[in-house]
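Enquirer: Got a structure here, written out as structure tokens. Questions coming.
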Amino acid sequence: MNSKSIPPNQQLVRRDCWPVVGERSPGNSDLPWTITVCGQVLSERCVDLGDLTAMPQTTRCIDVHCVTRWSKLQMEFEGVRFAELVADSNGQPLWNRQARFVSFVARSTRSHRTSLPLEELLELDPLIALKADGEPLSVEHGGPVRMVVPGRYFYKSIKWLQRIEFLSDDRLGYWESEAGYHNGADPWKQQRYIAASLSKQDAARLIRERDFRGRDLLSLEARGLDLENLHAANSLLRNADLRNASLRRAEFQGANLSNAHLQSADLREANFRGADLEGADFSAANLRGADLRDASLFGVSFGVVNAHGALSQAAVMDATTKFTASSLDALTPEQRDWLQLQSVTLC
Ligand SMILES: Nc1nc2c(c(=O)[nH]1)N[C@H]1C(S)=C(S)[C@@H](COP(=O)(O)O)O[C@H]1N2
Ligand SMILES: [Mo]
């Protein structure tokens, strides 16, 4: 893959920064680690970590693109090629004629999983990785063993791999069925989310009542609407379109606004405490008096960074805008430098 280019609407995280996304530890870590290849196969295969490390190891530089808009280019991963694990000792494929999809299942309390079409997998040539940047994978990043699937958003790369299941029909993964993530996951086509699940009537009623509390409003369309004093604490507004909306004094505490479109919104005195703002776009939004303490800021945009590193269409903020100092580590250097010039209040 061409490491010089980066898919649309992604931004690079700092070189020394690798965000942890989703689950942070595997379930049942006392049991010996095994990976089972099963389902539509001619014969099952089960390997342990010793078997895996004894297999030929491949080192490859892979671009990582998270759906919440951060990317890390050319990360060095080392492990066993998927194609080598799902073959017998003669190199013959283990799957049978019915196999068309592959589900990767994690050893985790929620049996986290994700799937891909077999044909795509053979083309993408993923790694069953044991190391990243020369070190054994840390537990939070999927150690001892995880998938790394190049060319797809990172939610297709399961951490703590324990089962590779060949299927005749697809079975949606955890994020794909619970969070509305797109099953295609191609970052070059920006396949981030499926469309809104809410009916137009239900959406209209919630908007009229200005009460979104605790609701799942994935991909809600509320562009340009008057939503002053909106109650939206703990709501799920991933990918919501709130461009140009009037959201003065809106309450978004603990809400999930990842990838929300907030360009040019009036967010004066809005409350984003503890909200998930990963990948949200605040370009040209007014954030005077807004409270963003303890919000998660990976992939967030406060403006458009041009080729010279300068920010245009910048959000409006000043000393009345509050952040938690440590949460700024998640920003790109350009955004952080710019933010520090706005003399925002750091708590
Ligand atoms: N078992 C498991 N694997 C997972 C997830 C998860 O929650 N559980 N999250 C996925 C998502 S959305 C991303 S972006 C990457 C994050 O990997 P990282 O924490 O090592 O950056 O793992 C993917 N694999
Ligand atoms: Mo992700």
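Within each chain, counting starts at residue 1; across the structure tokens, chains are named A, B, ... in the order shown, with ligands numbered 1 upward in that order.
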Per residue of region 151-265 of chain A within 12 Å of region 40-54 of chain A, what are the shortest atom pair and its distance in Å to one decimal, counting only C-alpha atoms, with rows by chain and residue number, as JSON lines?

Expert:
{"residue": "A:Trp160", "atom": "CA", "partner": "A:Leu49", "partner_atom": "CA", "distance": 11.8}
{"residue": "A:Leu161", "atom": "CA", "partner": "A:Leu49", "partner_atom": "CA", "distance": 11.2}
{"residue": "A:Gln162", "atom": "CA", "partner": "A:Cys46", "partner_atom": "CA", "distance": 9.6}
{"residue": "A:Arg163", "atom": "CA", "partner": "A:Cys46", "partner_atom": "CA", "distance": 9.0}
{"residue": "A:Ile164", "atom": "CA", "partner": "A:Arg45", "partner_atom": "CA", "distance": 9.6}
{"residue": "A:Glu165", "atom": "CA", "partner": "A:Gln40", "partner_atom": "CA", "distance": 7.4}
{"residue": "A:Phe166", "atom": "CA", "partner": "A:Gln40", "partner_atom": "CA", "distance": 4.9}
{"residue": "A:Leu167", "atom": "CA", "partner": "A:Gln40", "partner_atom": "CA", "distance": 5.7}
{"residue": "A:Ser168", "atom": "CA", "partner": "A:Gln40", "partner_atom": "CA", "distance": 7.1}
{"residue": "A:Asp169", "atom": "CA", "partner": "A:Gln40", "partner_atom": "CA", "distance": 10.3}

Enquirer: Please save N, CA, C and O atoms of the selected residues as a compact mmCIF listing (two decimals), in the first residue's frame.

Expert:
# COMPACT_ATOMS: atom_id res chain seq x y z
N TRP A 160 -6.72 -10.34 20.63
CA TRP A 160 -6.81 -11.61 21.39
C TRP A 160 -7.53 -12.70 20.58
O TRP A 160 -8.54 -13.27 20.99
N LEU A 161 -6.98 -12.97 19.42
CA LEU A 161 -7.57 -13.96 18.53
C LEU A 161 -7.62 -15.34 19.17
O LEU A 161 -6.61 -15.83 19.68
N GLN A 162 -8.80 -15.98 19.16
CA GLN A 162 -8.85 -17.36 19.65
C GLN A 162 -9.53 -18.33 18.69
O GLN A 162 -9.34 -19.52 18.79
N ARG A 163 -10.33 -17.80 17.74
CA ARG A 163 -10.99 -18.72 16.82
C ARG A 163 -11.10 -18.09 15.43
O ARG A 163 -11.43 -16.92 15.31
N ILE A 164 -10.82 -18.90 14.42
CA ILE A 164 -11.02 -18.51 13.03
C ILE A 164 -12.05 -19.46 12.46
O ILE A 164 -11.79 -20.66 12.33
N GLU A 165 -13.25 -18.93 12.19
CA GLU A 165 -14.36 -19.80 11.83
C GLU A 165 -14.76 -19.55 10.38
O GLU A 165 -15.16 -18.43 10.04
N PHE A 166 -14.68 -20.57 9.55
CA PHE A 166 -15.13 -20.45 8.15
C PHE A 166 -16.64 -20.64 8.10
O PHE A 166 -17.18 -21.54 8.73
N LEU A 167 -17.33 -19.76 7.36
CA LEU A 167 -18.79 -19.77 7.32
C LEU A 167 -19.29 -19.78 5.88
O LEU A 167 -18.63 -19.23 4.98
N SER A 168 -20.47 -20.38 5.68
CA SER A 168 -21.07 -20.31 4.34
C SER A 168 -21.86 -19.00 4.19
O SER A 168 -21.94 -18.44 3.10
N ASP A 169 -22.44 -18.51 5.30
CA ASP A 169 -23.14 -17.23 5.28
C ASP A 169 -22.49 -16.30 6.28
O ASP A 169 -21.99 -16.75 7.31

Enquirer: Counting only C-alpha atoms and all ligand atoms, which residues of chain A sit at most 10 Å from some atom of ligand 1, and what is each one's closest atom pair with its distance in Å to one decimal, listed by chain and rising residue number, as a tab-separated table?

Expert:
residue	atom	partner	partner_atom_place_in_ligand_line	distance
A:Cys17	CA	ligand 1	21 (O)	9.8
A:Trp18	CA	ligand 1	21 (O)	6.0
A:Pro19	CA	ligand 1	21 (O)	5.0
A:Val20	CA	ligand 1	19 (O)	3.3
A:Val21	CA	ligand 1	19 (O)	3.9
A:Gly22	CA	ligand 1	7 (O)	3.4
A:Glu23	CA	ligand 1	7 (O)	3.9
A:Arg24	CA	ligand 1	19 (O)	7.1
A:Ser25	CA	ligand 1	1 (N)	8.1
A:Pro26	CA	ligand 1	1 (N)	7.0
A:Gly27	CA	ligand 1	1 (N)	9.4
A:Val64	CA	ligand 1	14 (S)	8.6
A:His65	CA	ligand 1	14 (S)	7.6
A:Cys66	CA	ligand 1	14 (S)	4.7
A:Val67	CA	ligand 1	14 (S)	6.5
A:Thr68	CA	ligand 1	14 (S)	7.6
A:Arg69	CA	ligand 1	14 (S)	9.6
A:Trp70	CA	ligand 1	14 (S)	9.0
A:Ser71	CA	ligand 1	14 (S)	9.8
A:Lys72	CA	ligand 1	21 (O)	9.8
A:Phe104	CA	ligand 1	1 (N)	9.3
A:Val105	CA	ligand 1	1 (N)	7.5
A:Ala106	CA	ligand 1	1 (N)	4.8
A:Arg107	CA	ligand 1	1 (N)	6.9
A:Ser108	CA	ligand 1	1 (N)	6.0
A:Thr109	CA	ligand 1	1 (N)	9.0
A:Arg110	CA	ligand 1	1 (N)	8.4
A:Ser111	CA	ligand 1	1 (N)	7.4
A:His112	CA	ligand 1	1 (N)	5.0
A:Arg113	CA	ligand 1	1 (N)	6.7
A:Thr114	CA	ligand 1	24 (N)	8.2
A:Ala132	CA	ligand 1	20 (O)	9.9
A:Leu137	CA	ligand 1	20 (O)	8.8
A:Ser138	CA	ligand 1	20 (O)	8.6
A:Val139	CA	ligand 1	20 (O)	8.8
A:Glu140	CA	ligand 1	19 (O)	6.2
A:His141	CA	ligand 1	20 (O)	3.5
A:Gly142	CA	ligand 1	20 (O)	6.0
A:Gly143	CA	ligand 1	20 (O)	9.0
A:Arg146	CA	ligand 1	3 (N)	7.9
A:Met147	CA	ligand 1	24 (N)	8.1
A:Val148	CA	ligand 1	22 (O)	9.0
A:Tyr153	CA	ligand 1	14 (S)	7.1
A:Phe154	CA	ligand 1	14 (S)	4.5
A:Tyr155	CA	ligand 1	11 (C)	3.7
A:Lys156	CA	ligand 1	23 (C)	6.3
A:Ser157	CA	ligand 1	24 (N)	5.0
A:Ile158	CA	ligand 1	24 (N)	3.8
A:Lys159	CA	ligand 1	3 (N)	3.8
A:Trp160	CA	ligand 1	1 (N)	5.7
A:Leu161	CA	ligand 1	1 (N)	7.3
A:Gln162	CA	ligand 1	1 (N)	9.6
A:Tyr174	CA	ligand 1	7 (O)	8.2
A:Trp175	CA	ligand 1	12 (S)	7.2
A:Glu176	CA	ligand 1	12 (S)	9.8
A:Ala179	CA	ligand 1	12 (S)	9.9
A:Tyr181	CA	ligand 1	12 (S)	9.1

Enquirer: I'd like the neighbourhood of Glu84 (chain A) as a list of chain:residue names, where a residue qualifies if any of its atoms comes within 9 Å (using only C-alpha atoms), though same-chain residues fewer than 5 positions away should be ignored.

Expert: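 With the cut-off at 9 Å, the set is A:Met55, A:Pro56, A:Gly91, A:Pro93.
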
Enquirer: For the selection just defined, write its residues with all heavy atoms to a file, as a compact mmCIF listing (two decimals), in the first residue's frame.

Expert:
# COMPACT_ATOMS: atom_id res chain seq x y z
N MET A 55 6.27 -21.29 13.43
CA MET A 55 5.95 -21.16 12.00
C MET A 55 6.77 -20.02 11.39
O MET A 55 7.26 -19.15 12.11
CB MET A 55 4.45 -20.89 11.80
CG MET A 55 3.59 -22.10 12.17
SD MET A 55 1.83 -21.72 12.07
CE MET A 55 1.62 -21.59 10.29
N PRO A 56 6.89 -19.98 10.05
CA PRO A 56 7.63 -18.88 9.42
C PRO A 56 7.01 -17.52 9.81
O PRO A 56 5.79 -17.37 9.73
CB PRO A 56 7.44 -19.14 7.92
CG PRO A 56 7.03 -20.56 7.80
CD PRO A 56 6.36 -20.93 9.08
N GLY A 91 0.38 -27.37 2.67
CA GLY A 91 0.06 -26.06 2.09
C GLY A 91 -1.31 -26.01 1.42
O GLY A 91 -1.62 -25.03 0.74
N PRO A 93 -5.33 -25.55 1.31
CA PRO A 93 -6.32 -24.83 2.12
C PRO A 93 -7.14 -25.79 2.98
O PRO A 93 -7.49 -26.89 2.54
CB PRO A 93 -7.22 -24.16 1.09
CG PRO A 93 -6.41 -24.09 -0.15
CD PRO A 93 -5.46 -25.24 -0.12

Enquirer: Which residues in region 4-61 of chain A does DSSP call strand (DSSP E)? List them as a PyMOL selection string.

Expert: chain A and resi 11-12+34-39+45-48+58-61

Enquirer: Based on the selection just made, write C-alpha atoms of those residues as a short mmCIF file (atom, residue, chain, number, x, y, z; two decimals), in the first residue's frame.

Expert:
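Contents of again09.cif, as written:
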data_model
loop_
_atom_site.label_atom_id
_atom_site.label_comp_id
_atom_site.auth_asym_id
_atom_site.auth_seq_id
_atom_site.Cartn_x
_atom_site.Cartn_y
_atom_site.Cartn_z
CA GLN A 11 -5.46 12.35 10.29
CA LEU A 12 -2.12 11.09 11.55
CA THR A 34 -4.84 -21.61 21.55
CA ILE A 35 -6.21 -20.61 18.15
CA THR A 36 -8.73 -22.93 16.55
CA VAL A 37 -9.51 -23.00 12.83
CA CYS A 38 -13.00 -24.45 12.48
CA GLY A 39 -16.43 -24.26 10.78
CA ARG A 45 -6.70 -27.14 13.27
CA CYS A 46 -5.67 -25.97 16.72
CA VAL A 47 -2.35 -24.27 17.42
CA ASP A 48 -0.84 -22.86 20.60
CA THR A 58 6.61 -12.44 8.29
CA THR A 59 7.40 -8.80 9.03
CA ARG A 60 5.37 -6.21 7.22
CA CYS A 61 4.73 -2.48 7.43
#

Enquirer: Could you find all residues in region 31-129 of chain A that DSSP calls alpha helix (DSSP H) from the backbone, and write them as a PyMOL selection string?

Expert: chain A and resi 49-54+82-85+118-124

Enquirer: Keeping only C-alpha atoms, write the selected residues as a tab-separated table (two decimals), in the first residue's frame.

Expert:
chain	number	residue	atom	x	y	z
A	49	LEU	CA	1.58	-19.95	20.92
A	50	GLY	CA	4.56	-22.28	20.67
A	51	ASP	CA	3.27	-23.66	17.36
A	52	LEU	CA	2.68	-20.14	16.07
A	53	THR	CA	6.16	-18.89	16.92
A	54	ALA	CA	7.66	-22.00	15.31
A	82	PHE	CA	-3.31	-15.85	7.67
A	83	ALA	CA	-2.96	-18.01	4.54
A	84	GLU	CA	-0.29	-20.11	6.22
A	85	LEU	CA	-2.31	-20.82	9.34
A	118	LEU	CA	-12.83	-15.18	2.28
A	119	GLU	CA	-11.96	-13.85	-1.16
A	120	GLU	CA	-11.11	-10.40	0.24
A	121	LEU	CA	-8.99	-11.94	2.98
A	122	LEU	CA	-6.91	-13.88	0.51
A	123	GLU	CA	-6.31	-10.67	-1.39
A	124	LEU	CA	-5.60	-8.47	1.64

Enquirer: Could the residues of region 315-340 of chain A that have an atom at most 8 Å from region 296-303 of chain A be listed as a Markdown table, each with its closest atom pair and the distance in Å to one decimal, counting only C-alpha atoms and ordered by chain and ascending residue number?

Expert:
| residue | atom | partner | partner_atom | distance |
| --- | --- | --- | --- | --- |
| A:Ala315 | CA | A:Phe302 | CA | 5.3 |
| A:Ser327 | CA | A:Ser296 | CA | 6.6 |
| A:Leu328 | CA | A:Leu297 | CA | 7.2 |
| A:Ala330 | CA | A:Phe298 | CA | 4.9 |
| A:Leu331 | CA | A:Phe298 | CA | 6.1 |
| A:Thr332 | CA | A:Gly299 | CA | 8.0 |
| A:Gln335 | CA | A:Phe302 | CA | 7.0 |

Enquirer: For the residues in the current selection, export N, CA, C and O atoms as a PDB file, in the first residue's frame.

Expert:
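Everything below was put into again-v1.pdb:
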ATOM      1  N   ALA A 315     -12.326  26.413  14.676  1.00  0.00           N
ATOM      2  CA  ALA A 315     -13.393  26.600  15.659  1.00  0.00           C
ATOM      3  C   ALA A 315     -13.088  27.854  16.474  1.00  0.00           C
ATOM      4  O   ALA A 315     -11.933  28.277  16.574  1.00  0.00           O
ATOM      5  N   SER A 327      -6.004  15.334  28.052  1.00  0.00           N
ATOM      6  CA  SER A 327      -6.748  14.823  26.894  1.00  0.00           C
ATOM      7  C   SER A 327      -6.214  15.417  25.590  1.00  0.00           C
ATOM      8  O   SER A 327      -6.476  14.891  24.512  1.00  0.00           O
ATOM      9  N   LEU A 328      -5.406  16.483  25.682  1.00  0.00           N
ATOM     10  CA  LEU A 328      -4.856  17.083  24.460  1.00  0.00           C
ATOM     11  C   LEU A 328      -3.784  16.211  23.813  1.00  0.00           C
ATOM     12  O   LEU A 328      -3.443  16.400  22.652  1.00  0.00           O
ATOM     13  N   ALA A 330      -4.131  13.474  22.719  1.00  0.00           N
ATOM     14  CA  ALA A 330      -4.755  12.737  21.625  1.00  0.00           C
ATOM     15  C   ALA A 330      -4.774  13.539  20.327  1.00  0.00           C
ATOM     16  O   ALA A 330      -5.023  12.986  19.257  1.00  0.00           O
ATOM     17  N   LEU A 331      -4.481  14.836  20.400  1.00  0.00           N
ATOM     18  CA  LEU A 331      -4.591  15.677  19.203  1.00  0.00           C
ATOM     19  C   LEU A 331      -3.348  15.568  18.323  1.00  0.00           C
ATOM     20  O   LEU A 331      -2.271  15.195  18.787  1.00  0.00           O
ATOM     21  N   THR A 332      -3.484  15.945  17.061  1.00  0.00           N
ATOM     22  CA  THR A 332      -2.310  16.033  16.201  1.00  0.00           C
ATOM     23  C   THR A 332      -1.498  17.260  16.639  1.00  0.00           C
ATOM     24  O   THR A 332      -2.059  18.184  17.241  1.00  0.00           O
ATOM     25  N   GLN A 335      -3.023  20.623  15.611  1.00  0.00           N
ATOM     26  CA  GLN A 335      -4.222  21.022  16.345  1.00  0.00           C
ATOM     27  C   GLN A 335      -3.863  21.455  17.769  1.00  0.00           C
ATOM     28  O   GLN A 335      -4.426  22.400  18.298  1.00  0.00           O
TER      29      GLN A 335
END

Enquirer: Let me make sure I understand: among A:Leu73, A:Leu31, A:Val149, A:Leu225, which one has the smallest atom-to-atom distance to Asp241 (chain A) if we use only C-alpha atoms?

Expert: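 For Asp241 (chain A), the nearest of the given residues is A:Leu225.
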
Enquirer: Considering only C-alpha atoms and all ligand atoms, state which residue in the set A:Asn259, A:Thr320, A:Ser312, A:Ser264 is at the smallest distance from ligand 2.

Expert: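 Closest residue, counting only C-alpha atoms and all ligand atoms: A:Asn259.
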
Enquirer: What separation in Å, quoted to one decimal, exists between CA of Val344 (chain A) and CA of Arg293 (chain A)?

Expert: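 These two atoms are separated by 11.5 Å.
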
Enquirer: Select, from A:Ala222, A:Ala185, A:Leu341, A:Ala285, the residue with the minimum atom-to-atom distance to ligand 2, counting only C-alpha atoms and all ligand atoms.

Expert: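 Closest to ligand 2 of all the choices is A:Ala185.
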
Enquirer: Which residues, written as a list in words, have at least one atom at most 7 Å from region 226-232 of chain A, with only C-alpha atoms counted and residues fewer than 2 positions away on the same chain left out?

Expert: Arg210, Asp211, Phe212, Arg213, Gly224, Asn234, Ser235, Ala245, Ser246, Leu247, Arg248, Arg249, Ala250, Glu251, Phe252 and Ala255 of chain A

Enquirer: Please, could you write that set of residues out with all heavy atoms as a compact mmCIF listing (two decimals), in the first residue's frame?

Expert:
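Saved the output as again33.txt:
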# COMPACT_ATOMS: atom_id res chain seq x y z
N ARG A 210 -36.64 17.91 21.90
CA ARG A 210 -35.26 18.24 22.31
C ARG A 210 -34.77 17.34 23.44
O ARG A 210 -34.11 17.78 24.37
CB ARG A 210 -35.14 19.70 22.73
CG ARG A 210 -35.44 20.63 21.59
CD ARG A 210 -35.12 22.05 21.91
NE ARG A 210 -35.76 22.90 20.90
CZ ARG A 210 -35.48 24.15 20.70
NH1 ARG A 210 -34.56 24.74 21.42
NH2 ARG A 210 -36.11 24.83 19.77
N ASP A 211 -35.17 16.11 23.39
CA ASP A 211 -34.74 15.18 24.42
C ASP A 211 -34.20 13.90 23.79
O ASP A 211 -34.96 13.06 23.32
CB ASP A 211 -35.91 14.85 25.35
CG ASP A 211 -35.42 14.11 26.59
OD1 ASP A 211 -34.23 13.74 26.64
OD2 ASP A 211 -36.24 13.90 27.49
N PHE A 212 -32.87 13.79 23.76
CA PHE A 212 -32.21 12.63 23.15
C PHE A 212 -31.64 11.72 24.22
O PHE A 212 -30.91 10.78 23.92
CB PHE A 212 -31.01 13.07 22.28
CG PHE A 212 -31.35 13.87 21.04
CD1 PHE A 212 -32.65 14.19 20.70
CD2 PHE A 212 -30.32 14.29 20.19
CE1 PHE A 212 -32.93 14.93 19.56
CE2 PHE A 212 -30.59 15.01 19.05
CZ PHE A 212 -31.89 15.35 18.73
N ARG A 213 -31.91 11.98 25.49
CA ARG A 213 -31.17 11.32 26.57
C ARG A 213 -31.17 9.79 26.45
O ARG A 213 -32.26 9.19 26.33
CB ARG A 213 -31.73 11.72 27.93
CG ARG A 213 -31.13 13.03 28.43
CD ARG A 213 -31.78 13.49 29.69
NE ARG A 213 -33.16 13.91 29.44
CZ ARG A 213 -33.91 14.54 30.34
NH1 ARG A 213 -33.41 14.82 31.53
NH2 ARG A 213 -35.15 14.88 30.04
N GLY A 224 -28.59 22.14 10.66
CA GLY A 224 -29.19 23.48 10.65
C GLY A 224 -30.38 23.67 11.57
O GLY A 224 -31.02 24.72 11.54
N ASN A 234 -25.56 11.14 27.59
CA ASN A 234 -25.46 9.69 27.36
C ASN A 234 -26.17 9.19 26.10
O ASN A 234 -26.47 8.01 25.98
CB ASN A 234 -25.97 8.91 28.58
CG ASN A 234 -25.20 9.27 29.82
OD1 ASN A 234 -23.97 9.30 29.79
ND2 ASN A 234 -25.91 9.58 30.89
N SER A 235 -26.41 10.07 25.17
CA SER A 235 -27.04 9.61 23.92
C SER A 235 -25.95 9.10 22.97
O SER A 235 -24.77 9.37 23.15
CB SER A 235 -27.81 10.74 23.26
OG SER A 235 -26.93 11.79 22.96
N ALA A 245 -26.16 23.50 13.21
CA ALA A 245 -27.28 23.47 14.16
C ALA A 245 -27.02 24.44 15.30
O ALA A 245 -25.87 24.76 15.63
CB ALA A 245 -27.45 22.06 14.72
N SER A 246 -28.10 24.93 15.86
CA SER A 246 -27.97 25.80 17.02
C SER A 246 -28.07 24.91 18.26
O SER A 246 -29.13 24.33 18.54
CB SER A 246 -29.11 26.82 16.97
OG SER A 246 -29.12 27.51 18.20
N LEU A 247 -26.97 24.75 18.95
CA LEU A 247 -26.89 23.80 20.07
C LEU A 247 -26.39 24.50 21.32
O LEU A 247 -25.67 23.92 22.15
CB LEU A 247 -25.96 22.65 19.68
CG LEU A 247 -26.53 21.68 18.66
CD1 LEU A 247 -25.44 20.90 17.95
CD2 LEU A 247 -27.50 20.70 19.34
N ARG A 248 -26.75 25.75 21.45
CA ARG A 248 -26.30 26.52 22.61
C ARG A 248 -26.79 25.84 23.89
O ARG A 248 -27.95 25.41 23.96
CB ARG A 248 -26.88 27.92 22.52
CG ARG A 248 -25.96 28.90 23.13
CD ARG A 248 -26.32 30.31 22.82
NE ARG A 248 -25.55 31.11 23.76
CZ ARG A 248 -25.60 32.41 23.84
NH1 ARG A 248 -26.40 33.08 23.04
NH2 ARG A 248 -24.86 33.03 24.71
N ARG A 249 -25.89 25.73 24.87
CA ARG A 249 -26.20 25.12 26.17
C ARG A 249 -26.68 23.67 26.07
O ARG A 249 -27.31 23.15 26.99
CB ARG A 249 -27.24 25.95 26.96
CG ARG A 249 -26.67 27.24 27.52
CD ARG A 249 -27.72 28.01 28.29
NE ARG A 249 -28.82 28.44 27.43
CZ ARG A 249 -28.82 29.57 26.73
NH1 ARG A 249 -27.80 30.41 26.83
NH2 ARG A 249 -29.83 29.88 25.95
N ALA A 250 -26.43 23.03 24.96
CA ALA A 250 -26.83 21.62 24.83
C ALA A 250 -26.04 20.77 25.81
O ALA A 250 -24.87 21.05 26.11
CB ALA A 250 -26.59 21.14 23.41
N GLU A 251 -26.67 19.73 26.32
CA GLU A 251 -26.01 18.85 27.29
C GLU A 251 -25.68 17.51 26.66
O GLU A 251 -26.57 16.72 26.36
CB GLU A 251 -26.94 18.65 28.50
CG GLU A 251 -27.03 19.92 29.31
CD GLU A 251 -28.02 19.81 30.44
OE1 GLU A 251 -28.58 18.72 30.65
OE2 GLU A 251 -28.21 20.83 31.12
N PHE A 252 -24.39 17.33 26.44
CA PHE A 252 -23.91 16.10 25.80
C PHE A 252 -23.04 15.29 26.76
O PHE A 252 -22.20 14.51 26.31
CB PHE A 252 -23.06 16.45 24.58
CG PHE A 252 -23.80 17.05 23.41
CD1 PHE A 252 -23.60 18.38 23.05
CD2 PHE A 252 -24.67 16.28 22.66
CE1 PHE A 252 -24.26 18.92 21.95
CE2 PHE A 252 -25.34 16.81 21.55
CZ PHE A 252 -25.13 18.14 21.21
N ALA A 255 -22.03 11.56 26.22
CA ALA A 255 -22.62 11.11 24.95
C ALA A 255 -21.53 10.56 24.03
O ALA A 255 -20.36 10.89 24.18
CB ALA A 255 -23.34 12.27 24.27

Enquirer: Which residues come within 12 Å of Phe323 (chain A), counting only C-alpha atoms, excluding same-chain residues fewer than 2 positions away, as an NGL selection string?

Expert: :A and (271-275 or 287-297 or 317-321 or 325-329 or 336 or 339-340 or 342-347)

Enquirer: Just want the 10 Å neighbourhood of Arg223 (chain A), counted on only C-alpha atoms, with same-chain residues fewer than 4 positions away dropped. Output as a list in words.

Expert: Ala240, Asp241, Leu242, Arg243, Asn244, Ala245, Ser246, His261, Leu262, Gln263 and Ala265 of chain A

Enquirer: For the selection you just gave me, I'd like the residues written to a file as a short mmCIF file (atom, residue, chain, number, x, y, z; two decimals), in the first residue's frame, keeping N, CA and C atoms.

Expert:
data_model
loop_
_atom_site.label_atom_id
_atom_site.label_comp_id
_atom_site.auth_asym_id
_atom_site.auth_seq_id
_atom_site.Cartn_x
_atom_site.Cartn_y
_atom_site.Cartn_z
N ALA A 240 -23.72 11.56 13.57
CA ALA A 240 -24.89 12.45 13.43
C ALA A 240 -24.49 13.70 12.66
N ASP A 241 -25.41 14.19 11.86
CA ASP A 241 -25.16 15.42 11.10
C ASP A 241 -25.78 16.60 11.84
N LEU A 242 -24.95 17.37 12.52
CA LEU A 242 -25.42 18.51 13.32
C LEU A 242 -24.79 19.80 12.80
N ARG A 243 -24.41 19.76 11.52
CA ARG A 243 -23.77 20.95 10.95
C ARG A 243 -24.70 22.15 11.03
N ASN A 244 -24.15 23.30 11.36
CA ASN A 244 -24.92 24.54 11.41
C ASN A 244 -26.07 24.53 12.40
N ALA A 245 -26.16 23.50 13.21
CA ALA A 245 -27.28 23.47 14.16
C ALA A 245 -27.02 24.44 15.30
N SER A 246 -28.10 24.93 15.86
CA SER A 246 -27.97 25.80 17.02
C SER A 246 -28.07 24.91 18.26
N HIS A 261 -20.78 15.26 12.85
CA HIS A 261 -20.47 16.42 12.01
C HIS A 261 -21.02 17.65 12.70
N LEU A 262 -20.13 18.46 13.25
CA LEU A 262 -20.56 19.62 14.03
C LEU A 262 -20.04 20.92 13.42
N GLN A 263 -19.69 20.88 12.13
CA GLN A 263 -19.13 22.05 11.49
C GLN A 263 -20.10 23.23 11.59
N ALA A 265 -21.49 24.63 13.90
CA ALA A 265 -22.59 24.59 14.87
C ALA A 265 -22.36 25.65 15.95
#
